[in-house]
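Asker: Below is a structure I'd like to ask you about.
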Protein chains: 2
Amino acid sequence: MIVKALKKGQALHTDDGREILAPDASKGERTRTRILDEAAALASENGVSAVTLGPLAERLGMSKSGLFAHFKSKEALQVEVLARTSERFVEAVIAPIRQEKDRAKRLPLFFANWLDWIEHPSLGSGRGGCPILAAYFEFDDVPGPVREAAANHNGQLYAYIRRLVHFARPDADADAMAAAIDGLSLSHLLRVRLINDRDARKHTMSAFDALLKNPPLQRGA
Amino acid sequence: MIVKALKKGQALHTDDGREILAPDASKGERTRTRILDEAAALASENGVSAVTLGPLAERLGMSKSGLFAHFKSKEALQVEVLARTSERFVEAVIAPIRQEKDRAKRLPLFFANWLDWIEHPSLGSGRGGCPILAAYFEFDDVPGPVREAAANHNGQLYAYIRRLVHFARPDADADAMAAAIDGLSLSHLLRVRLINDRDARKHTMSAFDALLKNPPLQRGA
DNA sequence: GAATAAAACGAACGGTCGTGCTATTCAGCG
DNA sequence: CGCTGAATAGCACGACCGTTCGTTTTATTC
């Protein structure tokens, strides 16, 4: 959950940290949001490192310098793109499953939503692939704030998955299970976006079902 | 492989066009190989798209243009880096397991070698992460020859994994199983390189063992 | 309305990128 | 040795990068 500093009391926040623009937000805040949305779309199509000032400014119909003035640096922009995408991920994938009161049933719901998110990026990750997953591999060896943001997001996601596993299968090795589930989503993304496998979802779900039925157990087998 | 007769100092070519270095290759061929090795190391550290002429030339102690003359374009260079890394992958991960005559036992050997390759990139993928895996996510939405090369490699790897699965567990859904195994390696890479989890291997192996013991079955459970 | 602050612009910078050209050096041959 | 072609260097180009700065336009407030 990312808590942002309030500026002049313009932006409102929900209890889980998401930002909602006040109807009378200042012009700066409004265009800032527009920039972030377009930047997220760009990141989705060509990766986070493709979020560059020039093309982004052209898409927005504004000048490079006018755009740049909203952020202290390009890296800060990229970090905020990740944060915004993360908010949308929570909104599209995690929030809906809270309606299921039986916590044991939440893991499959979460996974299905995640696959939807990966397959249909219009849910919030843009026209291309999920920028966060892309950022993991783009920045895993590139030190800097973007890498830290990506690592932090990944760590939080793991913790969340482990919690879901604990409710679904308390007897399972939650760490191993989280690794397998995270891996399935990564592999799913590649089969959908890279090799264009029409049966990707069938195979992914088959593996997931088997995993849930016979998970890795605690204390080694 | 059909080996043509050759003039001394010239490169050998297989019938599919790939290049094999003769022991007394010409100077051009030798530096070309040196370039590819250094480029692979660079790709490993910062991603395939970070294979740029300037820094690469400096590492090699030669001029940008002298380097460039060996390839028709930067993209051609990047494709060849992928091809070379792929050769090393076969050499380090796939070739050794052929010594195991019981084909049913080859899958676990393959997977262990793969994890070694990911964890210990000095095996051939450079100082950083495996360039091929990185390229998957870097280029999954960027059309061009690099993307095609990556997709092709991924497809071949999947076919190979499916074959290993067939020998190890003929009753398993090979497609689902391959997806799970590929995913485990991707997730492993992230935990090792991004979030620096010291117990990554333990969790990955725990999931793999469970998967092998209770794989997704054909025709849906 | 005027006054003031915020936002956006345009031009320019130093830098790096990929890629051509031409000249030079060098390896391998008779 | 000298010859010849391959290998490499030097240089320049246009494009794009992130960033800065001074100016101008637009919002907001009185």
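Please note that chains go A, B, ... in the order of the structure tokens, that every chain numbers its residues from 1, and that ligands are numbered from 1 in the order shown.
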Find the residues of chain A that sit at most 8 Å from chain D; for each, write down the nearest two atoms and how far apart they are in Å, to one decimal. Count only C-alpha atoms (C1' of nucleotides). Sort by chain, then by number going up, and give it as JSON lines.
Answerer:
{"residue": "A:Lys27", "atom": "CA", "partner": "D:DA27", "partner_atom": "C1'", "distance": 7.8}
{"residue": "A:Leu53", "atom": "CA", "partner": "D:DG18", "partner_atom": "C1'", "distance": 7.8}
{"residue": "A:Lys74", "atom": "CA", "partner": "D:DG18", "partner_atom": "C1'", "distance": 7.4}
Asker: Write out, as an mmCIF file, in the first residue's frame, the residues just selected, with N, CA and C atoms.
Answerer:
data_model
loop_
_atom_site.group_PDB
_atom_site.id
_atom_site.type_symbol
_atom_site.label_atom_id
_atom_site.label_comp_id
_atom_site.auth_asym_id
_atom_site.auth_seq_id
_atom_site.Cartn_x
_atom_site.Cartn_y
_atom_site.Cartn_z
ATOM 1 N N LYS A 27 -5.250 21.982 -12.088
ATOM 2 C CA LYS A 27 -4.896 21.593 -13.453
ATOM 3 C C LYS A 27 -3.650 20.709 -13.457
ATOM 4 N N LEU A 53 10.811 10.698 -22.606
ATOM 5 C CA LEU A 53 10.130 11.982 -22.599
ATOM 6 C C LEU A 53 9.567 12.361 -23.964
ATOM 7 N N LYS A 74 13.459 11.268 -15.024
ATOM 8 C CA LYS A 74 12.807 10.201 -15.768
ATOM 9 C C LYS A 74 12.609 8.982 -14.880
#
Asker: How close does each residue of region 109-214 of chain A get to region 171-175 of chain B, giving the shortest atom pair and distance in Å to one decimal for every residue with an atom at most 10 Å away, counting only C-alpha atoms, sorted by chain and residue number, as JSON lines?
Answerer:
{"residue": "A:Asp199", "atom": "CA", "partner": "B:Asp175", "partner_atom": "CA", "distance": 9.3}
{"residue": "A:Ala200", "atom": "CA", "partner": "B:Asp175", "partner_atom": "CA", "distance": 8.9}
{"residue": "A:Lys202", "atom": "CA", "partner": "B:Asp175", "partner_atom": "CA", "distance": 9.2}
{"residue": "A:His203", "atom": "CA", "partner": "B:Asp175", "partner_atom": "CA", "distance": 6.0}
{"residue": "A:Thr204", "atom": "CA", "partner": "B:Asp175", "partner_atom": "CA", "distance": 8.7}
{"residue": "A:Ser206", "atom": "CA", "partner": "B:Asp173", "partner_atom": "CA", "distance": 8.1}
{"residue": "A:Ala207", "atom": "CA", "partner": "B:Asp173", "partner_atom": "CA", "distance": 8.5}
Asker: Write out the coordinates of chain A as a PDB file with C-alpha atoms, in the first residue's frame after a least-squares overlay onto chain B built on all ordered Cα pairs.
Answerer:
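Saved the output as superposed_17.pdb:
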ATOM      1  CA  MET A   1      20.198 -26.420 -34.287  1.00  0.00           C
ATOM      2  CA  ILE A   2      21.546 -23.513 -36.184  1.00  0.00           C
ATOM      3  CA  VAL A   3      23.382 -24.192 -39.384  1.00  0.00           C
ATOM      4  CA  LYS A   4      25.640 -21.460 -40.531  1.00  0.00           C
ATOM      5  CA  ALA A   5      27.116 -20.957 -43.939  1.00  0.00           C
ATOM      6  CA  LEU A   6      30.701 -21.883 -44.243  1.00  0.00           C
ATOM      7  CA  LYS A   7      32.997 -19.072 -45.152  1.00  0.00           C
ATOM      8  CA  LYS A   8      36.019 -20.105 -47.103  1.00  0.00           C
ATOM      9  CA  GLY A   9      36.060 -23.351 -45.192  1.00  0.00           C
ATOM     10  CA  GLN A  10      37.490 -21.598 -42.174  1.00  0.00           C
ATOM     11  CA  ALA A  11      35.048 -22.543 -39.441  1.00  0.00           C
ATOM     12  CA  LEU A  12      34.448 -26.135 -38.489  1.00  0.00           C
ATOM     13  CA  HIS A  13      31.159 -27.420 -37.172  1.00  0.00           C
ATOM     14  CA  THR A  14      30.263 -30.290 -34.901  1.00  0.00           C
ATOM     15  CA  ASP A  15      27.341 -32.509 -35.822  1.00  0.00           C
ATOM     16  CA  ASP A  16      25.021 -30.553 -33.579  1.00  0.00           C
ATOM     17  CA  GLY A  17      25.916 -27.310 -35.269  1.00  0.00           C
ATOM     18  CA  ARG A  18      28.247 -25.726 -32.778  1.00  0.00           C
ATOM     19  CA  GLU A  19      31.041 -23.734 -34.210  1.00  0.00           C
ATOM     20  CA  ILE A  20      34.605 -24.479 -33.461  1.00  0.00           C
ATOM     21  CA  LEU A  21      37.305 -22.198 -34.603  1.00  0.00           C
ATOM     22  CA  ALA A  22      39.925 -23.775 -36.709  1.00  0.00           C
ATOM     23  CA  PRO A  23      43.389 -23.153 -35.294  1.00  0.00           C
ATOM     24  CA  ASP A  24      44.241 -21.192 -38.416  1.00  0.00           C
ATOM     25  CA  ALA A  25      41.030 -19.242 -38.645  1.00  0.00           C
ATOM     26  CA  SER A  26      41.397 -15.909 -40.353  1.00  0.00           C
ATOM     27  CA  LYS A  27      41.902 -12.836 -38.239  1.00  0.00           C
ATOM     28  CA  GLY A  28      38.394 -11.679 -39.066  1.00  0.00           C
ATOM     29  CA  GLU A  29      36.836 -14.844 -37.740  1.00  0.00           C
ATOM     30  CA  ARG A  30      38.860 -14.696 -34.575  1.00  0.00           C
ATOM     31  CA  THR A  31      37.925 -11.156 -33.642  1.00  0.00           C
ATOM     32  CA  ARG A  32      34.360 -11.817 -34.678  1.00  0.00           C
ATOM     33  CA  THR A  33      34.267 -14.543 -32.066  1.00  0.00           C
ATOM     34  CA  ARG A  34      35.856 -12.236 -29.522  1.00  0.00           C
ATOM     35  CA  ILE A  35      33.189  -9.644 -30.248  1.00  0.00           C
ATOM     36  CA  LEU A  36      30.385 -12.146 -29.841  1.00  0.00           C
ATOM     37  CA  ASP A  37      31.757 -13.359 -26.519  1.00  0.00           C
ATOM     38  CA  GLU A  38      32.060  -9.888 -25.115  1.00  0.00           C
ATOM     39  CA  ALA A  39      28.645  -8.948 -26.487  1.00  0.00           C
ATOM     40  CA  ALA A  40      27.125 -11.964 -24.779  1.00  0.00           C
ATOM     41  CA  ALA A  41      28.673 -10.911 -21.492  1.00  0.00           C
ATOM     42  CA  LEU A  42      27.291  -7.420 -21.953  1.00  0.00           C
ATOM     43  CA  ALA A  43      23.851  -8.766 -22.806  1.00  0.00           C
ATOM     44  CA  SER A  44      23.962 -10.894 -19.705  1.00  0.00           C
ATOM     45  CA  GLU A  45      24.648  -7.918 -17.504  1.00  0.00           C
ATOM     46  CA  ASN A  46      22.263  -5.355 -18.915  1.00  0.00           C
ATOM     47  CA  GLY A  47      19.980  -7.090 -21.364  1.00  0.00           C
ATOM     48  CA  VAL A  48      20.180  -7.698 -25.072  1.00  0.00           C
ATOM     49  CA  SER A  49      19.041  -4.202 -25.957  1.00  0.00           C
ATOM     50  CA  ALA A  50      22.046  -2.878 -24.051  1.00  0.00           C
ATOM     51  CA  VAL A  51      24.336  -4.438 -26.624  1.00  0.00           C
ATOM     52  CA  THR A  52      25.313  -1.165 -28.266  1.00  0.00           C
ATOM     53  CA  LEU A  53      28.239  -0.386 -30.483  1.00  0.00           C
ATOM     54  CA  GLY A  54      29.996   2.261 -28.432  1.00  0.00           C
ATOM     55  CA  PRO A  55      30.383   0.558 -25.051  1.00  0.00           C
ATOM     56  CA  LEU A  56      30.994  -2.783 -26.674  1.00  0.00           C
ATOM     57  CA  ALA A  57      33.797  -1.330 -28.792  1.00  0.00           C
ATOM     58  CA  GLU A  58      35.370   0.244 -25.748  1.00  0.00           C
ATOM     59  CA  ARG A  59      35.332  -3.038 -23.850  1.00  0.00           C
ATOM     60  CA  LEU A  60      37.060  -4.679 -26.767  1.00  0.00           C
ATOM     61  CA  GLY A  61      39.579  -1.913 -27.196  1.00  0.00           C
ATOM     62  CA  MET A  62      38.607  -1.305 -30.756  1.00  0.00           C
ATOM     63  CA  SER A  63      36.753   1.307 -32.766  1.00  0.00           C
ATOM     64  CA  LYS A  64      33.008   1.420 -33.231  1.00  0.00           C
ATOM     65  CA  SER A  65      33.289   1.281 -36.987  1.00  0.00           C
ATOM     66  CA  GLY A  66      35.775  -1.553 -36.956  1.00  0.00           C
ATOM     67  CA  LEU A  67      33.374  -3.510 -34.828  1.00  0.00           C
ATOM     68  CA  PHE A  68      30.360  -2.598 -36.892  1.00  0.00           C
ATOM     69  CA  ALA A  69      32.029  -3.810 -40.075  1.00  0.00           C
ATOM     70  CA  HIS A  70      31.688  -7.388 -38.833  1.00  0.00           C
ATOM     71  CA  PHE A  71      27.902  -7.196 -38.858  1.00  0.00           C
ATOM     72  CA  LYS A  72      25.470  -5.633 -41.233  1.00  0.00           C
ATOM     73  CA  SER A  73      23.463  -4.021 -38.447  1.00  0.00           C
ATOM     74  CA  LYS A  74      23.042  -3.872 -34.707  1.00  0.00           C
ATOM     75  CA  GLU A  75      20.047  -6.134 -34.892  1.00  0.00           C
ATOM     76  CA  ALA A  76      22.074  -8.765 -36.718  1.00  0.00           C
ATOM     77  CA  LEU A  77      24.630  -8.539 -33.928  1.00  0.00           C
ATOM     78  CA  GLN A  78      21.943  -9.033 -31.302  1.00  0.00           C
ATOM     79  CA  VAL A  79      20.503 -12.015 -33.128  1.00  0.00           C
ATOM     80  CA  GLU A  80      23.939 -13.600 -33.300  1.00  0.00           C
ATOM     81  CA  VAL A  81      24.461 -12.981 -29.608  1.00  0.00           C
ATOM     82  CA  LEU A  82      21.280 -14.911 -28.951  1.00  0.00           C
ATOM     83  CA  ALA A  83      22.380 -17.694 -31.254  1.00  0.00           C
ATOM     84  CA  ARG A  84      25.733 -17.954 -29.561  1.00  0.00           C
ATOM     85  CA  THR A  85      24.182 -18.011 -26.112  1.00  0.00           C
ATOM     86  CA  SER A  86      21.812 -20.666 -27.334  1.00  0.00           C
ATOM     87  CA  GLU A  87      24.769 -22.777 -28.422  1.00  0.00           C
ATOM     88  CA  ARG A  88      26.303 -22.422 -25.008  1.00  0.00           C
ATOM     89  CA  PHE A  89      23.026 -23.347 -23.404  1.00  0.00           C
ATOM     90  CA  VAL A  90      22.950 -26.576 -25.356  1.00  0.00           C
ATOM     91  CA  GLU A  91      26.542 -27.215 -24.421  1.00  0.00           C
ATOM     92  CA  ALA A  92      26.112 -26.560 -20.691  1.00  0.00           C
ATOM     93  CA  VAL A  93      22.567 -27.731 -19.991  1.00  0.00           C
ATOM     94  CA  ILE A  94      21.436 -30.210 -22.615  1.00  0.00           C
ATOM     95  CA  ALA A  95      24.537 -32.010 -23.851  1.00  0.00           C
ATOM     96  CA  PRO A  96      25.652 -33.392 -20.451  1.00  0.00           C
ATOM     97  CA  ILE A  97      22.399 -35.206 -19.764  1.00  0.00           C
ATOM     98  CA  ARG A  98      22.852 -37.401 -22.813  1.00  0.00           C
ATOM     99  CA  GLN A  99      25.210 -39.465 -20.713  1.00  0.00           C
ATOM    100  CA  GLU A 100      22.221 -40.709 -18.759  1.00  0.00           C
ATOM    101  CA  LYS A 101      21.050 -43.685 -20.756  1.00  0.00           C
ATOM    102  CA  ASP A 102      17.757 -44.065 -18.889  1.00  0.00           C
ATOM    103  CA  ARG A 103      15.732 -41.417 -20.657  1.00  0.00           C
ATOM    104  CA  ALA A 104      13.163 -41.332 -17.881  1.00  0.00           C
ATOM    105  CA  LYS A 105      15.795 -39.851 -15.595  1.00  0.00           C
ATOM    106  CA  ARG A 106      16.817 -37.087 -17.932  1.00  0.00           C
ATOM    107  CA  LEU A 107      14.168 -34.527 -16.980  1.00  0.00           C
ATOM    108  CA  PRO A 108      15.394 -33.947 -13.408  1.00  0.00           C
ATOM    109  CA  LEU A 109      18.977 -33.766 -14.636  1.00  0.00           C
ATOM    110  CA  PHE A 110      18.002 -31.228 -17.244  1.00  0.00           C
ATOM    111  CA  PHE A 111      16.151 -29.110 -14.716  1.00  0.00           C
ATOM    112  CA  ALA A 112      19.019 -29.157 -12.246  1.00  0.00           C
ATOM    113  CA  ASN A 113      21.441 -28.099 -14.960  1.00  0.00           C
ATOM    114  CA  TRP A 114      19.072 -25.349 -15.982  1.00  0.00           C
ATOM    115  CA  LEU A 115      18.953 -23.979 -12.458  1.00  0.00           C
ATOM    116  CA  ASP A 116      22.741 -24.091 -12.366  1.00  0.00           C
ATOM    117  CA  TRP A 117      22.833 -22.151 -15.604  1.00  0.00           C
ATOM    118  CA  ILE A 118      20.502 -19.536 -14.156  1.00  0.00           C
ATOM    119  CA  GLU A 119      22.268 -19.261 -10.810  1.00  0.00           C
ATOM    120  CA  HIS A 120      25.857 -19.373 -12.032  1.00  0.00           C
ATOM    121  CA  PRO A 121      26.007 -17.409 -15.220  1.00  0.00           C
ATOM    122  CA  SER A 122      29.726 -18.010 -15.487  1.00  0.00           C
ATOM    123  CA  LEU A 123      28.673 -21.301 -17.050  1.00  0.00           C
ATOM    124  CA  GLY A 124      28.236 -19.389 -20.237  1.00  0.00           C
ATOM    125  CA  SER A 125      25.707 -16.629 -19.930  1.00  0.00           C
ATOM    126  CA  GLY A 126      28.070 -13.979 -18.587  1.00  0.00           C
ATOM    127  CA  ARG A 127      28.211 -12.131 -15.321  1.00  0.00           C
ATOM    128  CA  GLY A 128      24.526 -11.339 -15.100  1.00  0.00           C
ATOM    129  CA  GLY A 129      21.339 -13.223 -15.936  1.00  0.00           C
ATOM    130  CA  CYS A 130      20.669 -15.445 -18.902  1.00  0.00           C
ATOM    131  CA  PRO A 131      20.366 -13.164 -21.954  1.00  0.00           C
ATOM    132  CA  ILE A 132      17.837 -15.426 -23.616  1.00  0.00           C
ATOM    133  CA  LEU A 133      15.331 -15.301 -20.800  1.00  0.00           C
ATOM    134  CA  ALA A 134      15.808 -11.562 -20.597  1.00  0.00           C
ATOM    135  CA  ALA A 135      15.262 -11.241 -24.328  1.00  0.00           C
ATOM    136  CA  TYR A 136      11.942 -13.042 -24.076  1.00  0.00           C
ATOM    137  CA  PHE A 137      10.475 -10.257 -22.008  1.00  0.00           C
ATOM    138  CA  GLU A 138      12.387  -7.436 -23.615  1.00  0.00           C
ATOM    139  CA  PHE A 139      11.201  -8.237 -27.109  1.00  0.00           C
ATOM    140  CA  ASP A 140       7.885  -9.990 -26.591  1.00  0.00           C
ATOM    141  CA  ASP A 141       6.098  -6.940 -27.967  1.00  0.00           C
ATOM    142  CA  VAL A 142       8.839  -5.465 -30.137  1.00  0.00           C
ATOM    143  CA  PRO A 143       8.529  -6.814 -33.666  1.00  0.00           C
ATOM    144  CA  GLY A 144      11.727  -7.563 -35.534  1.00  0.00           C
ATOM    145  CA  PRO A 145      14.342 -10.227 -36.093  1.00  0.00           C
ATOM    146  CA  VAL A 146      15.384 -10.328 -32.447  1.00  0.00           C
ATOM    147  CA  ARG A 147      11.847 -11.125 -31.375  1.00  0.00           C
ATOM    148  CA  GLU A 148      11.606 -13.852 -33.998  1.00  0.00           C
ATOM    149  CA  ALA A 149      14.874 -15.376 -32.853  1.00  0.00           C
ATOM    150  CA  ALA A 150      13.732 -15.334 -29.246  1.00  0.00           C
ATOM    151  CA  ALA A 151      10.349 -16.841 -30.097  1.00  0.00           C
ATOM    152  CA  ASN A 152      11.990 -19.519 -32.172  1.00  0.00           C
ATOM    153  CA  HIS A 153      14.373 -20.439 -29.390  1.00  0.00           C
ATOM    154  CA  ASN A 154      11.535 -20.557 -26.890  1.00  0.00           C
ATOM    155  CA  GLY A 155       9.503 -22.805 -29.154  1.00  0.00           C
ATOM    156  CA  GLN A 156      12.380 -25.225 -29.608  1.00  0.00           C
ATOM    157  CA  LEU A 157      13.000 -25.326 -25.888  1.00  0.00           C
ATOM    158  CA  TYR A 158       9.353 -26.148 -25.256  1.00  0.00           C
ATOM    159  CA  ALA A 159       9.464 -28.969 -27.743  1.00  0.00           C
ATOM    160  CA  TYR A 160      12.537 -30.354 -26.056  1.00  0.00           C
ATOM    161  CA  ILE A 161      10.993 -30.154 -22.604  1.00  0.00           C
ATOM    162  CA  ARG A 162       7.874 -31.896 -23.839  1.00  0.00           C
ATOM    163  CA  ARG A 163      10.033 -34.743 -25.107  1.00  0.00           C
ATOM    164  CA  LEU A 164      11.774 -35.079 -21.752  1.00  0.00           C
ATOM    165  CA  VAL A 165       8.405 -35.059 -20.001  1.00  0.00           C
ATOM    166  CA  HIS A 166       7.157 -37.785 -22.282  1.00  0.00           C
ATOM    167  CA  PHE A 167       9.995 -40.060 -21.230  1.00  0.00           C
ATOM    168  CA  ALA A 168       9.772 -39.211 -17.549  1.00  0.00           C
ATOM    169  CA  ARG A 169       5.998 -39.313 -17.164  1.00  0.00           C
ATOM    170  CA  PRO A 170       4.209 -40.643 -20.249  1.00  0.00           C
ATOM    171  CA  ASP A 171       0.888 -40.227 -18.471  1.00  0.00           C
ATOM    172  CA  ALA A 172       1.356 -36.500 -17.960  1.00  0.00           C
ATOM    173  CA  ASP A 173      -0.073 -33.629 -19.953  1.00  0.00           C
ATOM    174  CA  ALA A 174       3.214 -32.661 -21.588  1.00  0.00           C
ATOM    175  CA  ASP A 175       2.098 -29.174 -22.583  1.00  0.00           C
ATOM    176  CA  ALA A 176       0.925 -28.261 -19.114  1.00  0.00           C
ATOM    177  CA  MET A 177       3.990 -29.850 -17.602  1.00  0.00           C
ATOM    178  CA  ALA A 178       6.320 -27.912 -19.898  1.00  0.00           C
ATOM    179  CA  ALA A 179       4.516 -24.705 -18.978  1.00  0.00           C
ATOM    180  CA  ALA A 180       4.974 -25.408 -15.291  1.00  0.00           C
ATOM    181  CA  ILE A 181       8.657 -26.278 -15.671  1.00  0.00           C
ATOM    182  CA  ASP A 182       9.437 -23.284 -17.836  1.00  0.00           C
ATOM    183  CA  GLY A 183       7.586 -21.120 -15.339  1.00  0.00           C
ATOM    184  CA  LEU A 184       9.582 -22.514 -12.439  1.00  0.00           C
ATOM    185  CA  SER A 185      12.814 -21.550 -14.135  1.00  0.00           C
ATOM    186  CA  LEU A 186      11.566 -18.031 -14.838  1.00  0.00           C
ATOM    187  CA  SER A 187      10.379 -17.594 -11.295  1.00  0.00           C
ATOM    188  CA  HIS A 188      13.668 -19.007 -10.065  1.00  0.00           C
ATOM    189  CA  LEU A 189      15.607 -16.414 -12.004  1.00  0.00           C
ATOM    190  CA  LEU A 190      13.614 -13.605 -10.440  1.00  0.00           C
ATOM    191  CA  ARG A 191      14.011 -14.894  -6.920  1.00  0.00           C
ATOM    192  CA  VAL A 192      17.738 -15.337  -7.401  1.00  0.00           C
ATOM    193  CA  ARG A 193      18.524 -12.161  -9.289  1.00  0.00           C
ATOM    194  CA  LEU A 194      15.810  -9.709  -8.323  1.00  0.00           C
ATOM    195  CA  ILE A 195      14.809 -10.354  -4.743  1.00  0.00           C
ATOM    196  CA  ASN A 196      17.948 -12.268  -3.792  1.00  0.00           C
ATOM    197  CA  ASP A 197      16.208 -15.118  -2.022  1.00  0.00           C
ATOM    198  CA  ARG A 198      18.843 -17.421  -0.522  1.00  0.00           C
ATOM    199  CA  ASP A 199      16.333 -20.264  -0.295  1.00  0.00           C
ATOM    200  CA  ALA A 200      15.229 -19.945  -3.893  1.00  0.00           C
ATOM    201  CA  ARG A 201      16.649 -23.267  -4.962  1.00  0.00           C
ATOM    202  CA  LYS A 202      15.040 -25.128  -2.086  1.00  0.00           C
ATOM    203  CA  HIS A 203      11.619 -23.763  -2.951  1.00  0.00           C
ATOM    204  CA  THR A 204      12.048 -24.332  -6.663  1.00  0.00           C
ATOM    205  CA  MET A 205      13.122 -27.916  -6.163  1.00  0.00           C
ATOM    206  CA  SER A 206      10.306 -28.568  -3.737  1.00  0.00           C
ATOM    207  CA  ALA A 207       7.810 -27.432  -6.346  1.00  0.00           C
ATOM    208  CA  PHE A 208       9.545 -29.399  -9.078  1.00  0.00           C
ATOM    209  CA  ASP A 209       9.582 -32.606  -7.071  1.00  0.00           C
ATOM    210  CA  ALA A 210       5.896 -32.270  -6.292  1.00  0.00           C
ATOM    211  CA  LEU A 211       5.206 -31.603  -9.936  1.00  0.00           C
ATOM    212  CA  LEU A 212       7.071 -34.693 -11.058  1.00  0.00           C
ATOM    213  CA  LYS A 213       5.365 -36.851  -8.490  1.00  0.00           C
ATOM    214  CA  ASN A 214       1.861 -35.561  -9.253  1.00  0.00           C
ATOM    215  CA  PRO A 215       1.925 -34.060 -12.709  1.00  0.00           C
ATOM    216  CA  PRO A 216      -1.058 -32.680 -14.587  1.00  0.00           C
ATOM    217  CA  LEU A 217      -2.549 -35.652 -16.377  1.00  0.00           C
ATOM    218  CA  GLN A 218      -3.665 -36.002 -19.949  1.00  0.00           C
ATOM    219  CA  ARG A 219      -7.273 -35.356 -20.971  1.00  0.00           C
ATOM    220  CA  GLY A 220      -7.946 -33.191 -17.916  1.00  0.00           C
ATOM    221  CA  ALA A 221      -7.268 -34.716 -14.520  1.00  0.00           C
TER     222      ALA A 221
END
Asker: Once you count only C-alpha atoms (C1' of nucleotides), which residues of chain C turn out to be within 7 Å of chain A? Could you give them as an MDAnalysis selection string?
Answerer: chainID C and resid 7:9
Asker: Please return, as JSON, numbers by chain, all residues of region 33-221 of chain B that DSSP assigns to helix (DSSP H, G or I) on the basis of the backbone.
Answerer: {"B": [33, 34, 35, 36, 37, 38, 39, 40, 41, 42, 43, 44, 45, 46, 48, 49, 50, 53, 54, 55, 56, 57, 58, 59, 60, 64, 65, 66, 67, 68, 74, 75, 76, 77, 78, 79, 80, 81, 82, 83, 84, 85, 86, 87, 88, 89, 90, 91, 92, 93, 94, 95, 96, 97, 98, 99, 103, 104, 105, 106, 107, 108, 109, 110, 111, 112, 113, 114, 115, 116, 117, 118, 119, 121, 122, 123, 131, 132, 133, 134, 135, 136, 137, 138, 139, 145, 146, 147, 148, 149, 150, 151, 152, 153, 154, 155, 156, 157, 158, 159, 160, 161, 162, 163, 164, 165, 166, 167, 168, 174, 175, 176, 177, 178, 179, 180, 181, 182, 183, 184, 185, 186, 187, 188, 189, 190, 191, 192, 193, 200, 201, 202, 203, 204, 205, 206, 207, 208, 209, 210, 211, 212, 213]}
